[in-house]
file coords04.txt (compact mmCIF, C-alpha atoms)
# COMPACT_ATOMS: atom_id res chain seq x y z
CA MET M 266 -68.50 -3.42 96.54
CA ASN M 267 -64.87 -3.97 95.49
CA PRO M 268 -63.36 -2.22 92.43
CA LEU M 269 -63.43 -5.36 90.26
CA GLU M 270 -67.11 -5.86 90.96
CA ILE M 271 -67.80 -2.19 90.17
CA LEU M 272 -65.91 -2.58 86.88
CA ARG M 273 -67.81 -5.78 86.01
CA VAL M 274 -71.18 -4.12 86.65
CA ALA M 275 -70.14 -1.06 84.60
CA ILE M 276 -69.05 -3.16 81.61
CA ARG M 277 -72.26 -5.22 81.78
CA ALA M 278 -74.33 -2.02 81.80
CA LEU M 279 -72.48 -0.67 78.77
CA LEU M 280 -72.86 -3.93 76.83
CA ARG M 281 -76.65 -3.77 77.26
CA ASN M 282 -76.58 -0.83 74.80
CA THR M 283 -73.59 -1.66 72.61
CA LEU M 284 -74.41 0.68 69.74
CA ARG M 285 -75.12 3.62 72.03
CA SER M 286 -71.91 2.96 73.94
CA PHE M 287 -69.93 2.91 70.70
CA LEU M 288 -71.50 6.13 69.43
CA THR M 289 -70.81 7.76 72.81
CA ALA M 290 -67.13 6.75 72.64
CA LEU M 291 -66.87 7.84 69.00
CA GLY M 292 -66.14 11.45 69.96
CA ILE M 293 -63.20 10.31 72.12
CA ILE M 294 -62.00 7.96 69.36
CA ILE M 295 -62.00 10.73 66.75
CA GLY M 296 -60.39 13.23 69.13
CA VAL M 297 -57.52 10.98 70.20
CA ALA M 298 -56.94 9.76 66.64
CA ALA M 299 -56.90 13.34 65.32
CA VAL M 300 -54.44 14.51 67.99
CA ILE M 301 -52.02 11.64 67.34
CA ALA M 302 -52.25 11.88 63.55
CA MET M 303 -51.88 15.67 63.44
CA VAL M 304 -48.95 15.76 65.85
CA ALA M 305 -47.24 12.90 63.99
CA ILE M 306 -47.58 14.71 60.67
CA GLY M 307 -46.50 18.01 62.23
CA GLU M 308 -43.42 16.43 63.82
CA GLY M 309 -42.69 14.72 60.52
CA ALA M 310 -42.82 18.09 58.77
CA LYS M 311 -40.33 19.49 61.31
CA ALA M 312 -38.03 16.50 60.81
CA GLN M 313 -38.22 16.93 57.05
CA VAL M 314 -37.29 20.62 57.33
CA GLU M 315 -34.37 19.72 59.59
CA ALA M 316 -33.18 17.03 57.16
CA GLN M 317 -33.40 19.40 54.19
CA PHE M 318 -31.37 22.08 55.91
CA ALA M 319 -28.91 19.51 57.26
CA ALA M 320 -28.35 18.43 53.64
CA MET M 321 -27.30 22.00 52.81
CA GLY M 322 -24.45 21.83 55.30
CA THR M 323 -23.57 22.16 58.96
CA ASN M 324 -23.89 25.56 60.67
CA LEU M 325 -23.76 27.23 57.29
CA LEU M 326 -23.17 30.83 56.24
CA ILE M 327 -23.21 31.77 52.55
CA VAL M 328 -21.23 34.89 51.65
CA MET M 329 -22.38 36.37 48.32
CA PRO M 330 -20.65 39.13 46.30
CA GLY M 331 -22.13 42.55 45.58
CA SER M 332 -24.40 43.93 42.87
CA ALA M 333 -23.57 45.56 39.56
CA MET M 334 -25.02 48.92 38.47
CA ALA M 335 -25.91 49.57 34.82
CA GLY M 336 -27.98 52.55 33.65
CA GLY M 337 -29.34 53.06 37.16
CA ALA M 338 -30.47 49.42 37.40
CA ARG M 339 -29.02 47.38 40.25
CA GLY M 340 -28.33 43.76 39.36
CA GLY M 341 -28.72 42.22 42.82
CA PHE M 342 -26.23 40.35 44.97
CA GLY M 343 -23.92 38.11 42.95
CA SER M 344 -23.98 40.20 39.77
CA GLN M 345 -20.69 41.97 40.54
CA PRO M 346 -17.62 40.07 41.83
CA THR M 347 -16.43 41.78 45.00
CA LEU M 348 -15.04 38.85 46.99
CA THR M 349 -11.42 37.83 46.51
CA TYR M 350 -9.35 34.77 47.33
CA ASP M 351 -7.53 36.95 49.86
CA ASP M 352 -10.91 37.52 51.56
CA LEU M 353 -11.40 33.75 51.61
CA ARG M 354 -8.02 33.18 53.28
CA ALA M 355 -8.76 35.93 55.81
CA ILE M 356 -12.07 34.29 56.73
CA GLN M 357 -10.31 30.94 57.13
CA THR M 358 -7.54 32.30 59.36
CA GLU M 359 -8.81 35.42 61.13
CA VAL M 360 -12.31 34.48 62.30
CA PRO M 361 -11.99 32.19 65.35
CA SER M 362 -15.53 30.81 65.18
CA VAL M 363 -15.13 29.62 61.57
CA ALA M 364 -14.22 25.96 61.05
CA LEU M 365 -14.00 25.79 57.25
CA ALA M 366 -14.53 28.08 54.26
CA ALA M 367 -14.57 27.23 50.56
CA PRO M 368 -15.24 29.04 47.28
CA VAL M 369 -18.15 27.77 45.21
CA LEU M 370 -18.08 28.60 41.49
CA ARG M 371 -21.10 27.59 39.43
CA MET M 372 -22.16 27.39 35.82
CA GLN M 373 -24.80 25.57 33.79
CA ALA M 374 -23.16 23.37 31.18
CA GLN M 375 -23.83 20.43 28.88
CA LEU M 376 -22.07 17.27 30.03
CA MET M 377 -21.33 14.66 27.36
CA SER M 378 -20.46 11.04 27.96
CA GLU M 379 -19.67 8.54 25.21
CA ASP M 380 -23.29 8.20 24.06
CA GLN M 381 -25.39 10.54 26.26
CA ASN M 382 -25.51 14.20 27.21
CA TRP M 383 -27.13 16.10 30.05
CA SER M 384 -27.36 19.74 31.09
CA THR M 385 -26.53 20.22 34.75
CA THR M 386 -24.82 22.50 37.26
CA VAL M 387 -21.04 22.28 37.27
CA GLN M 388 -19.42 23.47 40.49
CA GLY M 389 -15.80 24.35 41.09
CA SER M 390 -14.63 24.09 44.68
CA THR M 391 -12.22 22.49 47.14
CA PRO M 392 -12.27 19.46 49.48
CA ASP M 393 -13.47 21.78 52.27
CA TYR M 394 -16.73 22.33 50.38
CA LEU M 395 -17.59 18.65 50.65
CA ALA M 396 -16.75 18.71 54.37
CA ILE M 397 -18.96 21.80 54.89
CA ARG M 398 -21.83 20.10 53.09
CA SER M 399 -21.21 16.79 54.95
CA TRP M 400 -21.22 15.20 51.51
CA ARG M 401 -19.45 11.86 51.31
CA VAL M 402 -18.30 9.93 48.27
CA LEU M 403 -20.29 6.73 47.79
CA ARG M 404 -17.85 5.11 45.37
CA GLY M 405 -14.40 6.10 44.17
CA VAL M 406 -12.30 8.87 45.73
CA THR M 407 -12.92 12.47 46.67
CA LEU M 408 -11.15 15.66 45.60
CA THR M 409 -7.75 16.26 47.17
CA ASP M 410 -5.56 19.30 47.76
CA SER M 411 -3.17 17.98 45.09
CA ASP M 412 -6.05 18.04 42.57
CA ILE M 413 -6.54 21.74 43.38
CA ASP M 414 -2.82 22.55 43.22
CA SER M 415 -2.27 20.75 39.92
CA GLY M 416 -5.54 21.79 38.24
CA ALA M 417 -6.41 18.13 37.64
CA LYS M 418 -9.21 17.33 35.21
CA VAL M 419 -11.15 15.12 37.59
CA MET M 420 -14.84 15.16 38.46
CA LEU M 421 -17.27 14.04 41.14
CA LEU M 422 -20.77 13.26 39.90
CA GLY M 423 -24.07 13.51 41.76
CA GLN M 424 -26.27 10.47 41.39
CA THR M 425 -28.91 12.14 39.21
CA ALA M 426 -26.31 13.38 36.74
CA ALA M 427 -24.58 9.98 36.77
CA GLU M 428 -27.84 8.16 36.01
CA LYS M 429 -28.63 10.51 33.11
CA LEU M 430 -25.17 10.12 31.58
CA PHE M 431 -24.48 6.43 32.18
CA GLY M 432 -27.76 4.79 33.21
CA PRO M 433 -29.14 3.89 36.65
CA SER M 434 -27.05 0.73 37.14
CA ALA M 435 -23.80 1.72 35.40
CA ASP M 436 -20.58 2.47 37.28
CA PRO M 437 -19.33 5.93 36.22
CA ILE M 438 -15.94 5.62 37.96
CA GLY M 439 -13.13 5.96 35.42
CA GLN M 440 -15.43 7.20 32.63
CA LEU M 441 -14.71 10.35 30.65
CA VAL M 442 -17.14 13.28 30.62
CA ARG M 443 -16.65 16.32 28.41
CA VAL M 444 -17.57 19.83 29.56
CA ARG M 445 -17.13 22.47 26.85
CA ASN M 446 -14.88 19.99 25.01
CA VAL M 447 -12.65 19.61 28.07
CA PRO M 448 -12.35 15.92 29.09
CA PHE M 449 -12.76 15.11 32.80
CA GLN M 450 -12.29 11.72 34.38
CA VAL M 451 -14.99 10.71 36.87
CA VAL M 452 -13.18 9.71 40.06
CA GLY M 453 -16.07 9.64 42.52
CA LEU M 454 -19.82 9.15 42.81
CA LEU M 455 -21.39 11.27 45.54
CA GLU M 456 -23.93 9.89 47.99
CA ARG M 457 -27.54 10.90 47.42
CA LYS M 458 -28.47 14.24 49.00
CA GLY M 459 -32.09 14.70 47.94
CA GLN M 460 -33.83 18.04 47.45
CA SER M 461 -33.38 21.50 48.90
CA PRO M 462 -36.23 23.28 50.76
CA MET M 463 -36.97 25.03 47.44
CA GLY M 464 -37.15 21.75 45.49
CA GLN M 465 -33.71 21.90 43.85
CA ASP M 466 -32.16 18.48 43.18
CA TYR M 467 -28.80 18.50 44.96
CA ASP M 468 -27.78 15.30 43.14
CA ASP M 469 -28.07 16.87 39.68
CA THR M 470 -24.54 18.28 39.73
CA ALA M 471 -20.89 17.74 38.90
CA ILE M 472 -18.02 19.02 41.06
CA VAL M 473 -14.52 19.77 39.73
CA PRO M 474 -11.44 21.42 41.31
CA GLN M 475 -11.92 25.19 41.51
CA SER M 476 -8.50 25.77 39.90
CA THR M 477 -9.52 23.67 36.88
CA PHE M 478 -12.88 25.42 36.72
CA ARG M 479 -11.17 28.83 36.58
CA ALA M 480 -8.55 27.80 34.04
CA ARG M 481 -10.54 25.62 31.65
CA LEU M 482 -14.29 26.26 32.00
CA ALA M 483 -14.92 29.91 32.88
CA PRO M 484 -13.02 33.10 32.12
CA SER M 485 -10.67 33.88 34.97
CA LEU M 486 -11.54 36.91 37.09
CA GLY M 487 -8.02 37.08 38.44
CA ASN M 488 -8.07 37.25 42.21
CA PHE M 489 -11.84 37.76 42.35
CA ILE M 490 -14.14 34.84 43.17
CA GLY M 491 -16.79 34.41 40.50
CA GLY M 492 -19.24 32.86 42.93
CA ASN M 493 -19.98 32.50 46.65
CA ILE M 494 -18.06 31.52 49.76
CA PHE M 495 -19.51 28.75 51.91
CA VAL M 496 -18.56 29.05 55.58
CA SER M 497 -19.00 26.38 58.26
CA VAL M 498 -19.19 27.64 61.86
CA LYS M 499 -17.72 25.54 64.67
CA GLU M 500 -20.82 25.66 66.88
CA GLN M 501 -24.44 26.21 65.84
CA ALA M 502 -24.92 28.65 68.71
CA GLU M 503 -22.13 30.82 67.26
CA THR M 504 -23.58 31.29 63.76
CA GLY M 505 -24.89 34.78 64.60
CA LYS M 506 -21.58 35.76 66.19
CA ALA M 507 -19.64 34.37 63.21
CA GLN M 508 -21.86 36.33 60.82
CA GLN M 509 -21.02 39.54 62.67
CA GLN M 510 -17.30 38.73 62.70
CA VAL M 511 -17.20 37.92 58.97
CA THR M 512 -19.18 41.10 58.21
CA ALA M 513 -16.76 43.24 60.25
CA LEU M 514 -13.77 41.55 58.60
CA LEU M 515 -15.01 42.07 55.05
CA ARG M 516 -16.09 45.69 55.69
CA ASP M 517 -12.59 46.40 57.02
CA ARG M 518 -10.89 44.65 54.10
CA HIS M 519 -13.09 46.39 51.52
CA ARG M 520 -12.60 49.76 53.26
CA ILE M 521 -16.30 50.43 53.74
CA GLY M 522 -16.79 53.43 56.00
CA ARG M 523 -19.29 53.88 58.80
CA GLY M 524 -22.79 54.09 57.34
CA GLY M 525 -21.67 52.74 53.95
CA ASP M 526 -23.57 49.91 52.27
CA ASP M 527 -22.00 46.45 52.24
CA ASP M 528 -20.73 45.26 48.85
CA PHE M 529 -21.53 41.68 49.88
CA SER M 530 -24.34 39.76 51.57
CA ILE M 531 -24.27 36.99 54.17
CA ARG M 532 -27.09 34.51 54.39
CA ASN M 533 -27.38 32.68 57.71
CA MET M 534 -28.98 29.33 56.92
CA ALA M 535 -29.42 28.57 60.63
CA GLU M 536 -31.85 31.50 60.87
CA VAL M 537 -33.74 30.32 57.80
CA ALA M 538 -33.93 26.78 59.22
CA SER M 539 -35.13 28.13 62.57
CA ALA M 540 -37.88 30.16 60.88
CA GLN M 541 -38.99 27.10 58.91
CA GLN M 542 -39.03 24.95 62.05
CA GLU M 543 -41.01 27.56 63.97
CA GLY M 544 -43.56 27.66 61.15
CA ALA M 545 -43.85 23.87 61.20
CA GLN M 546 -44.15 23.90 65.00
CA THR M 547 -46.90 26.55 64.88
CA LEU M 548 -48.81 24.52 62.30
CA SER M 549 -48.38 21.35 64.38
CA THR M 550 -49.64 23.11 67.52
CA LEU M 551 -52.61 24.58 65.65
CA LEU M 552 -53.60 21.20 64.23
CA ALA M 553 -53.22 19.51 67.62
CA SER M 554 -55.32 22.24 69.28
CA ILE M 555 -58.10 21.83 66.72
CA ALA M 556 -57.97 18.07 67.22
CA ALA M 557 -58.10 18.49 71.02
CA VAL M 558 -61.46 20.24 70.63
CA SER M 559 -62.81 16.89 69.40
CA LEU M 560 -61.82 15.39 72.74
CA LEU M 561 -63.85 18.00 74.60
CA VAL M 562 -66.80 17.41 72.30
CA GLY M 563 -66.44 13.70 72.98
CA GLY M 564 -66.48 14.42 76.73
CA ILE M 565 -69.68 16.42 76.38
CA GLY M 566 -71.16 13.47 74.51
CA ILE M 567 -70.24 11.15 77.39
CA MET M 568 -71.85 13.49 79.92
CA ASN M 569 -75.01 13.76 77.81
CA ILE M 570 -75.42 10.01 77.42
CA MET M 571 -74.63 9.34 81.08
CA LEU M 572 -77.30 11.86 82.10
CA VAL M 573 -79.76 10.04 79.85
CA SER M 574 -78.62 6.75 81.38
CA VAL M 575 -79.21 8.06 84.91
CA THR M 576 -82.74 9.12 83.95
CA GLU M 577 -83.48 5.76 82.27
CA ARG M 578 -82.10 3.78 85.23
CA THR M 579 -83.61 5.84 88.05
CA ARG M 580 -85.74 2.90 89.23
CA GLU M 581 -82.73 0.57 89.07
CA ILE M 582 -80.74 3.03 91.20
CA GLY M 583 -83.59 3.16 93.71
CA ILE M 584 -83.66 -0.65 93.98
CA ARG M 585 -79.89 -0.77 94.52
CA MET M 586 -80.13 1.82 97.27
CA ALA M 587 -83.07 -0.01 98.85
CA VAL M 588 -81.05 -3.23 99.14
CA GLY M 589 -78.11 -1.45 100.73
CA ALA M 590 -76.01 0.19 98.01
CA SER M 591 -74.34 3.32 99.36
CA PRO M 592 -74.26 6.65 97.48
CA GLY M 593 -70.50 6.10 97.10
CA ALA M 594 -71.10 2.76 95.34
CA ILE M 595 -73.60 4.37 92.96
CA LEU M 596 -71.16 7.19 92.29
CA ALA M 597 -68.33 4.71 91.63
CA GLN M 598 -70.49 2.64 89.27
CA PHE M 599 -71.41 5.55 87.00
CA LEU M 600 -67.89 6.98 87.10
CA ALA M 601 -66.58 3.54 86.13
CA GLU M 602 -68.95 3.44 83.15
CA SER M 603 -67.82 6.82 81.84
CA LEU M 604 -64.16 5.96 82.50
CA VAL M 605 -64.45 2.65 80.61
CA LEU M 606 -66.07 4.45 77.68
CA ALA M 607 -63.28 7.04 77.60
CA LEU M 608 -60.43 4.53 78.00
CA LEU M 609 -61.78 2.19 75.32
CA GLY M 610 -62.31 5.19 73.06
CA GLY M 611 -58.74 6.32 73.79
CA LEU M 612 -57.24 2.91 72.95
CA VAL M 613 -59.19 2.65 69.70
CA GLY M 614 -58.26 6.28 68.93
CA VAL M 615 -54.53 5.52 69.42
CA ALA M 616 -54.74 2.64 66.97
CA LEU M 617 -56.79 4.65 64.47
CA GLY M 618 -54.53 7.71 64.76
CA THR M 619 -51.36 5.66 64.24
CA PHE M 620 -52.89 3.90 61.22
CA THR M 621 -54.14 7.19 59.73
CA ALA M 622 -50.77 8.90 60.17
CA SER M 623 -48.92 5.98 58.54
CA GLN M 624 -51.32 5.92 55.60
CA LEU M 625 -51.02 9.68 55.05
CA SER M 626 -47.24 9.50 55.20
CA VAL M 627 -47.17 6.73 52.58
CA GLN M 628 -49.69 8.40 50.28
CA PHE M 629 -48.15 11.88 50.32
CA GLY M 630 -44.51 10.97 50.94
CA TRP M 631 -44.41 12.69 54.33
CA VAL M 632 -42.09 11.71 57.15
CA LEU M 633 -43.90 9.82 59.93
CA LYS M 634 -42.70 10.67 63.43
CA LEU M 635 -44.85 9.27 66.23
CA ARG M 636 -44.24 10.73 69.69
CA PRO M 637 -44.82 8.27 72.56
CA ASP M 638 -45.32 11.15 75.00
CA VAL M 639 -48.16 12.57 72.87
CA ILE M 640 -49.77 9.11 72.64
CA ALA M 641 -49.56 8.74 76.43
CA LEU M 642 -50.85 12.29 76.95
CA ALA M 643 -53.80 11.78 74.59
CA SER M 644 -54.72 8.50 76.28
CA GLY M 645 -54.41 10.05 79.74
CA PHE M 646 -56.43 13.08 78.66
CA SER M 647 -59.19 10.81 77.34
CA ALA M 648 -59.38 9.14 80.78
CA LEU M 649 -59.46 12.58 82.44
CA VAL M 650 -62.27 13.63 80.09
CA GLY M 651 -64.20 10.49 81.04
CA VAL M 652 -63.87 11.18 84.75
CA GLY M 653 -64.44 14.93 84.43
CA PHE M 654 -67.53 14.78 82.28
CA GLY M 655 -68.87 11.66 83.99
CA LEU M 656 -68.64 13.18 87.46
CA TYR M 657 -71.82 15.28 87.27
CA PRO M 658 -74.09 12.42 86.08
CA ALA M 659 -72.52 10.12 88.71
CA LEU M 660 -73.13 12.69 91.48
CA LYS M 661 -76.69 13.16 90.30
CA ALA M 662 -77.26 9.40 90.43
CA SER M 663 -75.70 9.06 93.90
CA ARG M 664 -77.88 11.86 95.34
CA LEU M 665 -81.22 10.41 94.22
CA ASP M 666 -83.79 9.88 96.93
CA PRO M 667 -84.41 6.11 97.13
CA ILE M 668 -88.17 6.53 97.76
CA ALA M 669 -88.58 8.94 94.83
CA ALA M 670 -86.42 6.69 92.63
CA LEU M 671 -88.60 3.64 93.39
CA ARG M 672 -91.72 5.62 92.47
CA PHE M 673 -90.19 6.78 89.19
CA ASP M 674 -91.96 5.35 86.16

call {"tool": "encode", "arguments": {"input": "coords04.txt", "output": "structure tokens"}}
result
Amino acid sequence: MNPLEILRVAIRALLRNTLRSFLTALGIIIGVAAVIAMVAIGEGAKAQVEAQFAAMGTNLLIVMPGSAMAGGARGGFGSQPTLTYDDLRAIQTEVPSVALAAPVLRMQAQLMSEDQNWSTTVQGSTPDYLAIRSWRVLRGVTLTDSDIDSGAKVMLLGQTAAEKLFGPSADPIGQLVRVRNVPFQVVGLLERKGQSPMGQDYDDTAIVPQSTFRARLAPSLGNFIGGNIFVSVKEQAETGKAQQQVTALLRDRHRIGRGGDDDFSIRNMAEVASAQQEGAQTLSTLLASIAAVSLLVGGIGIMNIMLVSVTERTREIGIRMAVGASPGAILAQFLAESLVLALLGGLVGVALGTFTASQLSVQFGWVLKLRPDVIALASGFSALVGVGFGLYPALKASRLDPIAALRFD
């Protein structure tokens, strides 16, 4: 019997009990669909984490000043200015693995346009800050070094702040915005950044030259930086090395002796991103493993039904053997039946899993990331399950004694 004939006989046998065949394949369908959907959602979660941390900046280190002490109570990092503009220049010039560094001064302030007002975060920085954050200007122009040198009263607006002050369809370029009664001209509208991993809206902000911020908006701390220093490392693999180099540089500049506590803190965002990605990967693997159990359960269901089928068709098997069918042909027929069940279940499971993943992503706003290799692996595994769990019933059928099979009632 040629393979096509074996396949035709197997399909005809399965169609005689359509409902039972469908229920048998249901375990495979659910298993494959669950694997594809869970991996797609897990990969989407990883991609979302990567996108959120990419929005923070490339290969980013955040250097924060020290803590203040009052009545025995420590205020935490950032409560006492300990970083200076000389420290900033040293980081820019003396650490070989650092690409860019910029001060970031922040305050919460009420912005007032001609007929609207909005409370948002005002940041004072330099053009390097926008390069570190990979933040482009959507319309208008960006900050320049001449704006910093001259203390120009210019402003870049995030899209959320621009919408609140001027409306969703208005063009803010050229408009005046007052911050603490200081007029700033909007020269650029920043591209949309989205949210941070903690849910902060990056687009709800206004950025002005750090020199203007110090002179007009916040009391000057002299040479001290009243905020953080954002540092971009040249290569992602060097973020740990750069952190050590910046730490050694600042300890030397601040004359901190061996065993003394740092009067600053460095946050390595690459490590935070890696921890988040590992958590997402662990969750994805766990979900896929749980879903894979459904495939095994589906395989057990195939074996159970095929054993029942062998018992029900014992007389048929005896007749086939009596007219010349070899044990190999009987074995091939029952293996073909279980393989067809598994493959059809796998194909339906792929379609169902893809549909389920897309619907979940739309409903919950998740990123959908289908992996062709996982789809191929799940389909191949379903075929392997069909062969593996169908082998025992097929062997049992092929080893029946023809005389005993013909006598079976």

call {"tool": "closest_residue", "arguments": {"input": "coords04.txt", "among": "M:Leu408, M:Ala594, M:Val444, M:Val650", "to": "M:Ser390", "atoms": "all atoms listed in the file"}}
result
M:Leu408

call {"tool": "residues_around", "arguments": {"input": "coords04.txt", "residues": "M:Leu609", "least_positions_apart": "3", "cutoff": "12 Å", "atoms": "only C-alpha atoms", "output": "PyMOL selection string"}}
result
chain M and resi 276+279+286-287+289-294+297+601-606+612-616+644-645+647-648+651

call {"tool": "residues_around", "arguments": {"input": "coords04.txt", "residues": "stretch 298-302 of chain M", "least_positions_apart": "5", "cutoff": "10 Å", "atoms": "all atoms listed in the file", "output": "count of residues only"}}
result
42

call {"tool": "closest_residue", "arguments": {"input": "coords04.txt", "among": "M:Arg532, M:Lys499, M:Arg516, M:Lys661", "to": "M:Val575", "atoms": "all atoms listed in the file"}}
result
M:Lys661

call {"tool": "atom_distance", "arguments": {"input": "coords04.txt", "atom1": "atom CA of M:Val451", "atom2": "atom CA of M:Arg354"}}
result
28.7 Å

call {"tool": "atom_distance", "arguments": {"input": "coords04.txt", "atom1": "atom CA of M:Leu649", "atom2": "atom CA of M:Leu561"}}
result
10.5 Å

call {"tool": "atom_distance", "arguments": {"input": "coords04.txt", "atom1": "atom CA of M:Leu421", "atom2": "atom CA of M:Thr407"}}
result
7.2 Å

call {"tool": "closest_residue", "arguments": {"input": "coords04.txt", "among": "M:Ala275, M:Ile295, M:Ile595, M:Val562", "to": "M:Gly583", "atoms": "all atoms listed in the file"}}
result
M:Ile595

call {"tool": "closest_residue", "arguments": {"input": "coords04.txt", "among": "M:Gln424, M:Thr409, M:Thr347, M:Ser663", "to": "M:Ala396", "atoms": "all atoms listed in the file"}}
result
M:Thr409

call {"tool": "closest_residue", "arguments": {"input": "coords04.txt", "among": "M:Gln388, M:Asn324, M:Ser574, M:Asn488", "to": "M:Pro474", "atoms": "only C-alpha atoms"}}
result
M:Gln388

call {"tool": "axis_aligned_box", "arguments": {"input": "coords04.txt", "around": "stretch 362-367 of chain M", "padding_each_side": "3 Å", "output": "AutoDock Vina command-line options"}}
result
--center_x -14.8 --center_y 28.3 --center_z 57.9 --size_x 7.5 --size_y 11.0 --size_z 20.6

call {"tool": "closest_residue", "arguments": {"input": "coords04.txt", "among": "M:Pro437, M:Gly453, M:Gly432, M:Gly653", "to": "M:Met420", "atoms": "only C-alpha atoms"}}
result
M:Gly453
